[in-house]
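Everything below belongs to start.cif, which stores mmCIF, C-alpha atoms and all ligand atoms.
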data_entry
loop_
_atom_site.label_atom_id
_atom_site.label_comp_id
_atom_site.auth_asym_id
_atom_site.auth_seq_id
_atom_site.Cartn_x
_atom_site.Cartn_y
_atom_site.Cartn_z
CA MET P 6 81.93 93.95 27.13
CA ASP P 7 82.25 90.27 26.36
CA GLU P 8 79.15 88.82 27.94
CA LEU P 9 80.35 85.22 28.05
CA SER P 10 83.95 85.65 29.14
CA GLY P 11 85.30 84.49 32.47
CA ASN P 12 84.51 81.35 34.40
CA SER P 13 80.81 81.85 34.94
CA LEU P 14 79.84 79.60 32.05
CA THR P 15 81.10 76.35 30.61
CA PHE P 16 81.26 75.71 26.89
CA SER P 17 80.21 72.54 25.10
CA LYS P 18 82.50 71.08 22.45
CA ASN P 19 79.65 69.08 20.95
CA ARG P 20 79.15 71.16 17.84
CA VAL P 21 78.68 68.90 14.81
CA MET P 22 75.20 69.58 13.57
CA GLN P 23 73.42 68.31 10.50
CA ALA P 24 72.12 71.21 8.44
CA LEU P 25 68.52 71.75 7.38
CA PHE P 26 67.32 72.43 3.83
CA TYR P 27 69.44 70.33 1.49
CA ASN P 28 69.20 67.32 -0.77
CA VAL P 29 71.69 64.85 -2.25
CA GLU P 30 72.47 64.97 -5.99
CA ASN P 31 74.95 62.50 -7.54
CA ASN P 32 77.22 62.20 -4.48
CA LYS P 33 77.07 65.94 -3.90
CA VAL P 34 74.74 67.94 -1.66
CA ARG P 35 72.59 70.84 -2.83
CA CYS P 36 72.07 73.44 -0.09
CA ARG P 37 68.71 75.21 -0.31
CA LEU P 38 69.08 77.59 2.62
CA CYS P 39 69.80 80.62 0.46
CA PRO P 40 69.28 81.44 -3.21
CA HIS P 41 72.84 80.46 -4.16
CA HIS P 42 71.74 76.79 -4.00
CA CYS P 43 75.40 75.69 -3.80
CA LEU P 44 76.18 72.20 -5.12
CA ILE P 45 78.84 71.01 -2.68
CA GLY P 46 81.30 68.17 -3.29
CA GLU P 47 82.61 65.79 -0.64
CA GLY P 48 84.77 67.64 1.91
CA GLN P 49 83.92 71.04 0.40
CA THR P 50 81.99 74.00 1.81
CA GLY P 51 79.48 76.29 0.10
CA LEU P 52 80.09 79.91 -0.80
CA CYS P 53 79.41 80.90 2.82
CA ARG P 54 82.40 78.75 3.96
CA VAL P 55 80.52 77.18 6.89
CA ARG P 56 78.16 74.54 5.43
CA LYS P 57 80.15 71.44 4.57
CA ASN P 58 79.50 68.17 2.76
CA GLU P 59 80.72 65.43 5.10
CA GLN P 60 80.19 62.04 3.42
CA GLY P 61 76.95 63.12 1.80
CA VAL P 62 75.61 64.93 4.86
CA LEU P 63 75.43 68.72 4.96
CA VAL P 64 76.88 69.91 8.25
CA ALA P 65 76.53 73.38 9.81
CA GLU P 66 80.12 73.78 10.98
CA ASN P 67 79.44 76.99 12.87
CA TYR P 68 76.57 75.65 15.01
CA GLY P 69 76.89 77.19 18.49
CA ARG P 70 80.27 78.69 17.70
CA LEU P 71 80.11 82.36 18.56
CA SER P 72 82.68 84.90 17.46
CA SER P 73 81.05 87.78 19.33
CA VAL P 74 78.69 88.16 22.29
CA HIS P 75 77.91 91.68 23.48
CA LEU P 76 75.18 93.57 25.26
CA ASP P 77 74.30 96.37 22.81
CA PRO P 78 71.83 99.23 22.69
CA ILE P 79 68.94 98.20 20.42
CA GLU P 80 69.67 101.41 18.47
CA LYS P 81 73.00 99.90 17.39
CA LYS P 82 71.32 97.19 15.26
CA PRO P 83 69.92 99.73 14.14
CA LEU P 84 66.33 99.48 15.38
CA TYR P 85 64.85 102.87 16.30
CA HIS P 86 61.17 101.92 16.69
CA PHE P 87 61.52 98.67 18.63
CA TYR P 88 61.75 99.11 22.40
CA PRO P 89 63.83 102.32 22.18
CA GLY P 90 66.46 102.78 24.85
CA ARG P 91 66.63 99.07 25.73
CA GLN P 92 69.64 96.75 25.46
CA ILE P 93 69.82 93.39 23.76
CA LEU P 94 72.28 90.51 24.00
CA SER P 95 73.81 90.31 20.52
CA VAL P 96 75.58 87.30 19.04
CA GLY P 97 77.36 86.40 15.82
CA SER P 98 79.43 83.59 14.36
CA VAL P 99 81.52 83.45 11.14
CA GLY P 100 80.79 83.25 7.42
CA CYS P 101 78.46 85.02 5.03
CA ASN P 102 76.54 84.22 1.86
CA MET P 103 77.56 87.54 0.31
CA ARG P 104 81.01 88.84 -0.61
CA CYS P 105 80.58 92.58 -0.24
CA ALA P 106 83.72 94.45 -1.26
CA PHE P 107 82.82 97.08 1.39
CA CYS P 108 82.14 94.66 4.29
CA GLN P 109 82.70 96.23 7.70
CA ASN P 110 82.95 92.85 9.44
CA CYS P 111 85.19 90.97 7.00
CA GLU P 112 87.32 89.48 9.80
CA ILE P 113 84.33 87.32 10.77
CA SER P 114 82.17 87.35 7.62
CA GLN P 115 84.81 86.26 5.13
CA VAL P 116 86.32 83.35 7.05
CA GLY P 117 85.29 79.78 7.86
CA VAL P 118 85.44 78.09 11.25
CA HIS P 119 88.99 76.82 10.70
CA GLU P 120 90.31 80.33 10.10
CA PHE P 121 88.90 81.77 13.34
CA PRO P 122 90.51 80.37 16.50
CA TRP P 123 88.70 82.53 19.06
CA PHE P 124 85.27 80.87 19.17
CA LYS P 125 83.19 80.35 22.24
CA ASP P 126 81.12 77.19 22.02
CA VAL P 127 77.83 78.14 23.58
CA PRO P 128 74.94 75.65 23.83
CA VAL P 129 71.44 76.96 23.14
CA GLU P 130 70.21 76.62 26.73
CA GLN P 131 73.29 78.41 28.05
CA LEU P 132 72.85 81.40 25.77
CA VAL P 133 69.16 81.73 26.58
CA ALA P 134 69.84 81.41 30.32
CA ARG P 135 72.48 84.12 30.05
CA ALA P 136 70.08 86.40 28.17
CA LYS P 137 67.41 85.81 30.83
CA SER P 138 69.84 86.56 33.65
CA ILE P 139 70.81 90.05 32.48
CA ASN P 140 68.74 92.75 34.13
CA GLU P 141 66.65 94.78 31.68
CA ASN P 142 67.85 92.74 28.67
CA LEU P 143 65.22 92.69 25.92
CA GLY P 144 66.25 89.40 24.34
CA ILE P 145 68.71 88.09 21.75
CA ALA P 146 69.85 89.68 18.48
CA PHE P 147 71.42 87.58 15.72
CA THR P 148 73.87 89.92 14.05
CA TYR P 149 77.55 90.82 13.32
CA ASN P 150 77.98 88.25 10.53
CA GLU P 151 75.03 87.05 8.42
CA PRO P 152 72.75 85.03 10.73
CA THR P 153 71.13 83.15 7.85
CA ILE P 154 74.23 81.01 7.60
CA PHE P 155 74.11 80.01 11.28
CA TYR P 156 70.44 79.26 10.70
CA GLU P 157 70.08 76.02 12.69
CA TYR P 158 71.55 77.57 15.84
CA MET P 159 69.52 80.74 15.38
CA LEU P 160 66.32 78.70 15.00
CA ASP P 161 67.02 76.62 18.11
CA VAL P 162 67.91 79.69 20.18
CA ALA P 163 64.96 81.74 18.91
CA ARG P 164 62.47 78.94 19.69
CA GLU P 165 63.78 78.56 23.24
CA ALA P 166 64.14 82.31 23.80
CA HIS P 167 60.58 82.93 22.65
CA HIS P 168 59.35 80.15 24.89
CA GLN P 169 60.99 81.99 27.79
CA GLY P 170 59.48 85.36 26.91
CA LEU P 171 62.50 87.01 25.29
CA LYS P 172 62.35 89.08 22.09
CA CYS P 173 64.43 87.97 19.11
CA VAL P 174 65.96 90.20 16.44
CA MET P 175 67.57 89.28 13.12
CA VAL P 176 69.94 91.72 11.41
CA THR P 177 70.28 90.32 7.92
CA ASN P 178 71.14 90.85 4.28
CA GLY P 179 67.80 89.17 3.46
CA TYR P 180 69.39 86.56 1.19
CA ILE P 181 67.44 83.52 2.35
CA GLU P 182 65.07 81.09 0.66
CA ALA P 183 61.32 81.18 1.25
CA GLU P 184 60.99 77.94 3.26
CA PRO P 185 63.65 78.69 5.91
CA MET P 186 62.34 82.23 6.17
CA GLU P 187 58.76 81.07 6.72
CA THR P 188 60.01 78.54 9.28
CA ILE P 189 61.81 81.08 11.43
CA LEU P 190 59.40 84.00 11.06
CA PRO P 191 57.20 83.00 14.02
CA PHE P 192 60.19 83.20 16.36
CA ILE P 193 61.69 86.53 15.24
CA ASP P 194 60.04 89.72 16.47
CA ALA P 195 61.99 92.36 14.59
CA PHE P 196 64.21 92.57 11.54
CA ASN P 197 66.72 95.02 10.23
CA VAL P 198 67.39 94.18 6.59
CA ASP P 199 70.27 95.64 4.58
CA LEU P 200 69.03 96.76 1.20
CA LYS P 201 72.36 97.32 -0.50
CA ALA P 202 71.20 98.89 -3.77
CA PHE P 203 68.24 98.79 -6.11
CA THR P 204 69.88 97.28 -9.20
CA ASP P 205 70.72 93.67 -9.81
CA SER P 206 74.01 94.70 -11.43
CA PHE P 207 75.18 96.21 -8.12
CA TYR P 208 74.23 93.05 -6.24
CA ARG P 209 76.01 90.83 -8.79
CA LYS P 210 79.21 92.88 -9.00
CA GLN P 211 79.55 94.06 -5.41
CA THR P 212 78.02 91.25 -3.34
CA HIS P 213 77.96 88.07 -5.53
CA ALA P 214 74.20 87.87 -4.98
CA HIS P 215 70.95 89.16 -6.53
CA LEU P 216 68.41 91.82 -5.66
CA ALA P 217 65.10 89.96 -6.26
CA PRO P 218 65.36 87.49 -3.34
CA VAL P 219 66.05 90.36 -0.94
CA LYS P 220 62.88 92.12 -2.09
CA GLU P 221 60.96 88.86 -1.59
CA THR P 222 62.31 88.57 1.96
CA LEU P 223 61.21 92.12 2.72
CA MET P 224 57.72 91.33 1.43
CA ARG P 225 57.55 88.17 3.56
CA ILE P 226 58.48 90.08 6.69
CA ARG P 227 55.88 92.71 5.94
CA GLN P 228 53.18 90.12 5.18
CA ALA P 229 53.96 88.40 8.49
CA GLU P 230 53.42 91.77 10.21
CA LYS P 231 56.78 91.64 11.95
CA HIS P 232 58.64 94.76 12.93
CA LEU P 233 60.82 95.86 10.00
CA GLU P 234 63.51 98.48 9.57
CA ILE P 235 65.73 98.83 6.49
CA THR P 236 69.33 100.02 6.29
CA PHE P 237 70.83 101.40 3.09
CA LEU P 238 74.59 102.04 2.98
CA VAL P 239 75.16 104.94 0.57
CA ILE P 240 78.31 104.31 -1.51
CA PRO P 241 79.33 107.27 -3.68
CA GLY P 242 79.18 106.54 -7.39
CA LEU P 243 77.83 103.01 -6.93
CA ASN P 244 74.30 103.19 -5.52
CA ASP P 245 73.61 106.88 -4.88
CA SER P 246 71.99 108.05 -8.13
CA VAL P 247 68.78 109.97 -7.60
CA GLU P 248 66.95 107.79 -10.16
CA GLU P 249 67.89 104.55 -8.41
CA PHE P 250 67.15 106.03 -5.01
CA ASP P 251 63.73 107.28 -6.11
CA ALA P 252 62.91 103.84 -7.50
CA MET P 253 63.97 102.24 -4.21
CA THR P 254 61.96 104.55 -1.97
CA ASP P 255 58.93 104.31 -4.29
CA TRP P 256 59.09 100.52 -4.09
CA ILE P 257 59.40 100.58 -0.30
CA SER P 258 56.51 102.98 0.10
CA ASN P 259 54.24 101.13 -2.34
CA ASN P 260 55.04 97.58 -1.23
CA LEU P 261 56.09 97.79 2.41
CA GLY P 262 54.26 100.92 3.45
CA GLN P 263 54.97 104.59 3.94
CA GLN P 264 55.59 103.96 7.65
CA THR P 265 58.56 101.65 6.93
CA ILE P 266 61.55 102.80 8.98
CA PHE P 267 64.50 103.62 6.74
CA HIS P 268 68.13 104.20 7.82
CA LEU P 269 70.57 105.90 5.45
CA SER P 270 74.07 104.98 6.49
CA LYS P 271 77.34 106.73 5.70
CA TYR P 272 79.96 104.54 4.01
CA PHE P 273 83.66 104.58 4.97
CA PRO P 274 86.44 102.79 3.05
CA GLN P 275 86.59 99.15 4.19
CA TYR P 276 87.97 95.78 3.14
CA HIS P 277 88.42 95.78 -0.67
CA MET P 278 86.77 99.15 -1.31
CA ALA P 279 88.95 102.27 -1.21
CA ARG P 280 86.68 104.92 -2.71
CA PRO P 281 86.23 107.98 -0.45
CA GLU P 282 83.54 108.14 2.24
CA THR P 283 80.01 109.34 1.48
CA PRO P 284 79.88 113.15 1.43
CA ASP P 285 77.54 114.65 4.01
CA ALA P 286 75.85 116.60 1.20
CA THR P 287 74.84 113.33 -0.50
CA LEU P 288 73.37 111.97 2.73
CA LEU P 289 71.42 115.16 3.36
CA LYS P 290 70.08 115.23 -0.21
CA LEU P 291 68.95 111.58 -0.08
CA HIS P 292 67.49 112.10 3.38
CA GLU P 293 65.37 114.94 2.07
CA LEU P 294 64.25 112.89 -0.95
CA ALA P 295 63.36 109.88 1.21
CA CYS P 296 61.35 112.04 3.61
CA ARG P 297 59.01 112.90 0.71
CA LYS P 298 58.06 109.20 0.42
CA LEU P 299 58.55 107.70 3.88
CA SER P 300 57.51 108.82 7.36
CA TYR P 301 60.57 107.76 9.32
CA VAL P 302 64.01 108.32 7.77
CA TYR P 303 67.26 108.42 9.77
CA LEU P 304 70.94 109.06 9.16
CA GLY P 305 73.46 106.55 10.51
CA ASN P 306 77.25 106.39 10.96
CA VAL P 307 77.33 110.16 11.42
CA TRP P 308 76.70 110.31 15.17
CA SER P 309 75.00 113.58 15.91
CA ARG P 310 76.84 115.91 13.52
CA LEU P 311 73.93 115.89 11.08
CA PRO P 312 70.16 115.95 11.58
CA GLY P 313 68.11 112.79 11.13
CA HIS P 314 68.32 111.22 14.59
CA ASN P 315 65.20 112.27 16.43
CA THR P 316 61.75 110.80 15.82
CA GLU P 317 58.88 113.02 14.83
CA CYS P 318 55.39 111.56 15.10
CA SER P 319 54.24 110.86 11.54
CA ASN P 320 50.81 112.26 12.36
CA CYS P 321 51.25 115.46 14.43
CA LYS P 322 55.00 116.03 13.71
CA ALA P 323 55.89 116.54 17.38
CA VAL P 324 59.39 115.37 18.35
CA VAL P 325 58.66 112.30 20.48
CA ILE P 326 62.09 110.63 20.76
CA LYS P 327 65.44 112.40 21.13
CA ARG P 328 68.72 110.63 20.41
CA LEU P 329 72.29 111.71 21.04
CA GLY P 330 74.55 108.86 20.02
CA TYR P 331 73.06 105.89 21.89
CA ASP P 332 71.50 108.10 24.58
CA VAL P 333 67.75 107.96 24.05
CA GLU P 334 64.99 110.01 25.63
CA THR P 335 61.35 109.21 24.94
CA PRO P 336 59.42 112.15 26.45
CA GLY P 337 56.71 112.02 23.79
CA ILE P 338 55.94 108.29 23.91
CA THR P 339 53.30 106.61 26.06
CA ALA P 340 53.81 103.29 27.82
CA ASP P 341 52.24 101.48 24.87
CA GLY P 342 54.40 103.24 22.26
CA SER P 343 52.00 105.94 21.09
CA CYS P 344 52.50 109.68 20.66
CA VAL P 345 51.50 111.52 23.86
CA HIS P 346 50.01 114.35 21.78
CA CYS P 347 47.83 112.56 19.23
CA GLU P 348 47.86 108.83 20.23
CA ASN P 349 49.37 107.80 16.90
CA LYS P 350 51.26 104.48 17.32
CA VAL P 351 54.97 105.23 16.81
CA VAL P 352 57.06 102.41 18.34
CA GLU P 353 56.85 98.88 19.71
CA ARG P 354 57.19 99.02 23.45
S1 LIG B 401 73.73 78.91 2.80
FE1 LIG B 401 75.86 78.71 2.14
S2 LIG B 401 76.05 76.66 1.29
FE2 LIG B 401 73.88 77.12 1.46
S3 LIG B 401 73.32 77.89 -0.57
FE3 LIG B 401 73.80 79.68 0.70
S4 LIG B 401 75.98 80.12 0.39
FE4 LIG B 401 75.56 78.05 -0.41
S1 LIG B 402 76.26 90.83 3.76
FE1 LIG B 402 77.08 92.02 5.46
S2 LIG B 402 78.45 90.61 6.55
FE2 LIG B 402 78.05 89.74 4.53
S3 LIG B 402 79.75 90.42 3.27
FE3 LIG B 402 78.06 91.86 2.98
S4 LIG B 402 78.43 93.50 4.47
FE4 LIG B 402 79.70 91.73 5.08
#

Structure encoded using structure tokens:
Amino acid sequence: MDELSGNSLTFSKNRVMQALFYNVENNKVRCRLCPHHCLIGEGQTGLCRVRKNEQGVLVAENYGRLSSVHLDPIEKKPLYHFYPGRQILSVGSVGCNMRCAFCQNCEISQVGVHEFPWFKDVPVEQLVARAKSINENLGIAFTYNEPTIFYEYMLDVAREAHHQGLKCVMVTNGYIEAEPMETILPFIDAFNVDLKAFTDSFYRKQTHAHLAPVKETLMRIRQAEKHLEITFLVIPGLNDSVEEFDAMTDWISNNLGQQTIFHLSKYFPQYHMARPETPDATLLKLHELACRKLSYVYLGNVWSRLPGHNTECSNCKAVVIKRLGYDVETPGITADGSCVHCENKVVER
């Protein structure tokens, strides 16, 4: 469902917005929003295609320009331990600061604003009012393309949404500099971060980025005590070695905590990557390995064919949440998110 279609809302065309986090260097601008630190010449855009040097001013060309607006189950983000069974108004724009060969959203992530004619221009107040007006809506999720690169809009929306009592969610690749991350952290309640591999060579070759800043982002989220879930897309032959996987799950357990929620996701051929889909046997093997280190491990992109969907309390091991696709039952969870059997805190609620 397109939540902003029809005549119920009007759209502003006032969308030129000066970007945050940049400085001027010899008639060029240096963007400091993400670790690429693009040096951008007059009339050019950065690697993300949406931050443009206009006469020495860095402009966020995609401010308020939404490619997608949908009411989604929170489980679709995926977030399994954050208000399970609720829905959240989810928005995205265009552009991305990575170039993943396997991108599942390349039609919006790998284009700039001038290559996408179907935008809805949605002012901040209008989006927040819409989110407030939907019965049972939890809040606003920034997702679909990489929200870091529509940062200014996300920050404005998240501030206003928080002010009005809505929850905010960021689904991100984690490739963002420390200062913008620290600035937005108070206004985001929950994160799902894609951890795409655990080697820098994978990040360099497959995404045009680096691993270390993503680890730093994960640490910042954890230190801020925000809700965190991690998604790892398992690509056969590229990031599925047992050694790399063990190193990843060890690092998560030791640095982010054993209770960190971890989603293993099945890969299918997409965009520039043609290698065959992840075998079920690989997913099951990695699921079993991860369960030795982490309390909550799930399988994604497999619907309910395989195990790894229900939630067992990490303390007493009772099944407390049952999932079938996006149908969620929470018979074992109290109103405050604890296990009904042993009072162990399991979810935010
Ligand atoms: S946000 Fe865009 S322009 Fe800025 S450094 Fe990152 S990729 Fe470059
Ligand atoms: S970070 Fe996500 S949206 Fe961006 S290119 Fe990679 S998979 Fe696509």

Extending 3 Å beyond the listed atoms of ligand LIG 401 (chain B) on each side, what axis-aligned box results? I want centre and edge lengths in Å to one decimal, as JSON.
{"center_x": 74.7, "center_y": 78.4, "center_z": 1.1, "size_x": 8.7, "size_y": 9.5, "size_z": 9.4}

Can you work out which one of P:Ala24, P:Ile79, P:Val55, P:Cys111 has the shortest atom-to-atom distance to ligand LIG 402 (chain B), counting all atoms listed in the file?
P:Cys111

Taking only residues of chain P that have an atom at most 7 Å from an atom of ligand LIG 401 (chain B), what is each one's shortest atom pair and its distance in Å to one decimal, using all atoms listed in the file, in chain and number order, as a Markdown table?
| residue | atom | partner | partner_atom | distance |
| --- | --- | --- | --- | --- |
| P:Cys36 | CA | B:LIG401 | FE2 | 4.4 |
| P:Arg37 | CA | B:LIG401 | S3 | 5.3 |
| P:Leu38 | CA | B:LIG401 | S1 | 4.8 |
| P:Cys39 | CA | B:LIG401 | FE3 | 4.1 |
| P:Pro40 | CA | B:LIG401 | S3 | 6.0 |
| P:His41 | CA | B:LIG401 | S3 | 4.4 |
| P:His42 | CA | B:LIG401 | S3 | 3.9 |
| P:Cys43 | CA | B:LIG401 | FE4 | 4.1 |
| P:Thr50 | CA | B:LIG401 | S2 | 6.5 |
| P:Gly51 | CA | B:LIG401 | S2 | 3.6 |
| P:Leu52 | CA | B:LIG401 | S4 | 4.3 |
| P:Cys53 | CA | B:LIG401 | FE1 | 4.2 |
| P:Arg54 | CA | B:LIG401 | FE1 | 6.8 |
| P:Val55 | CA | B:LIG401 | FE1 | 6.8 |
| P:Arg56 | CA | B:LIG401 | S2 | 5.1 |
| P:Asn102 | CA | B:LIG401 | S4 | 4.4 |
| P:Ile154 | CA | B:LIG401 | S1 | 5.3 |

Nearest to Thr177 of chain P: which of P:Glu151, P:Asp161, P:Glu141, P:Asp194 is it, counting all atoms listed in the file?
P:Glu151

Ligand LIG 402 (chain B) neighbours within 7 Å using all atoms listed in the file, as number ranges by chain
P: 101-105, 107-111, 114-115, 149-151, 178, 212

Put those residues in a file: C-alpha atoms, as a PDB file, keeping the file's coordinate frame.
ATOM      1  CA  CYS P 101      78.460  85.020   5.030  1.00  0.00           C
ATOM      2  CA  ASN P 102      76.540  84.220   1.860  1.00  0.00           C
ATOM      3  CA  MET P 103      77.560  87.540   0.310  1.00  0.00           C
ATOM      4  CA  ARG P 104      81.010  88.840  -0.610  1.00  0.00           C
ATOM      5  CA  CYS P 105      80.580  92.580  -0.240  1.00  0.00           C
ATOM      6  CA  PHE P 107      82.820  97.080   1.390  1.00  0.00           C
ATOM      7  CA  CYS P 108      82.140  94.660   4.290  1.00  0.00           C
ATOM      8  CA  GLN P 109      82.700  96.230   7.700  1.00  0.00           C
ATOM      9  CA  ASN P 110      82.950  92.850   9.440  1.00  0.00           C
ATOM     10  CA  CYS P 111      85.190  90.970   7.000  1.00  0.00           C
ATOM     11  CA  SER P 114      82.170  87.350   7.620  1.00  0.00           C
ATOM     12  CA  GLN P 115      84.810  86.260   5.130  1.00  0.00           C
ATOM     13  CA  TYR P 149      77.550  90.820  13.320  1.00  0.00           C
ATOM     14  CA  ASN P 150      77.980  88.250  10.530  1.00  0.00           C
ATOM     15  CA  GLU P 151      75.030  87.050   8.420  1.00  0.00           C
ATOM     16  CA  ASN P 178      71.140  90.850   4.280  1.00  0.00           C
ATOM     17  CA  THR P 212      78.020  91.250  -3.340  1.00  0.00           C
TER      18      THR P 212
END

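Of note, atom CA of Phe267 of chain P and atom CA of Pro241 of chain P are spaced 18.5 Å apart.
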
For the atom pair atom CA of Gly313 of chain P and atom CA of Asp205 of chain P, what is the interatomic distance in Å to one decimal place?
28.5 Å

What gap, in Å, lies between atom CA of Phe192 of chain P and atom CA of Val219 of chain P?
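Computing the Euclidean distance for atom CA of Phe192 of chain P and atom CA of Val219 of chain P yields 19.6 Å.
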
Complete segment 209-220 of chain P with N, CA, C and O atoms (output as a compact mmCIF listing (two decimals), keeping the file's coordinate frame).
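Below you can see rebuild_29.txt, which holds the result:
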# COMPACT_ATOMS: atom_id res chain seq x y z
N ARG P 209 75.13 91.84 -8.16
CA ARG P 209 76.01 90.83 -8.79
C ARG P 209 77.47 91.22 -8.64
O ARG P 209 78.31 90.42 -8.23
N LYS P 210 77.80 92.47 -8.98
CA LYS P 210 79.21 92.88 -9.00
C LYS P 210 79.78 93.09 -7.60
O LYS P 210 80.93 92.76 -7.34
N GLN P 211 79.00 93.65 -6.70
CA GLN P 211 79.55 94.06 -5.41
C GLN P 211 79.30 93.07 -4.28
O GLN P 211 79.94 93.18 -3.23
N THR P 212 78.34 92.14 -4.45
CA THR P 212 78.02 91.25 -3.34
C THR P 212 77.99 89.76 -3.72
O THR P 212 77.83 88.92 -2.86
N HIS P 213 78.08 89.46 -5.03
CA HIS P 213 77.96 88.07 -5.53
C HIS P 213 76.57 87.50 -5.24
O HIS P 213 76.42 86.31 -5.00
N ALA P 214 75.57 88.35 -5.22
CA ALA P 214 74.20 87.87 -4.98
C ALA P 214 73.25 88.61 -5.94
O ALA P 214 73.69 89.20 -6.93
N HIS P 215 71.95 88.53 -5.66
CA HIS P 215 70.95 89.16 -6.53
C HIS P 215 69.95 89.95 -5.70
O HIS P 215 69.71 89.65 -4.52
N LEU P 216 69.34 90.94 -6.34
CA LEU P 216 68.41 91.82 -5.66
C LEU P 216 67.05 91.16 -5.38
O LEU P 216 66.48 91.32 -4.29
N ALA P 217 66.50 90.43 -6.36
CA ALA P 217 65.10 89.96 -6.26
C ALA P 217 64.81 89.17 -4.99
O ALA P 217 63.79 89.42 -4.32
N PRO P 218 65.67 88.23 -4.57
CA PRO P 218 65.36 87.49 -3.34
C PRO P 218 65.31 88.38 -2.11
O PRO P 218 64.56 88.08 -1.16
N VAL P 219 66.08 89.45 -2.09
CA VAL P 219 66.05 90.36 -0.94
C VAL P 219 64.70 91.08 -0.88
O VAL P 219 64.10 91.22 0.19
N LYS P 220 64.21 91.48 -2.05
CA LYS P 220 62.88 92.12 -2.09
C LYS P 220 61.80 91.13 -1.61
O LYS P 220 60.87 91.50 -0.89
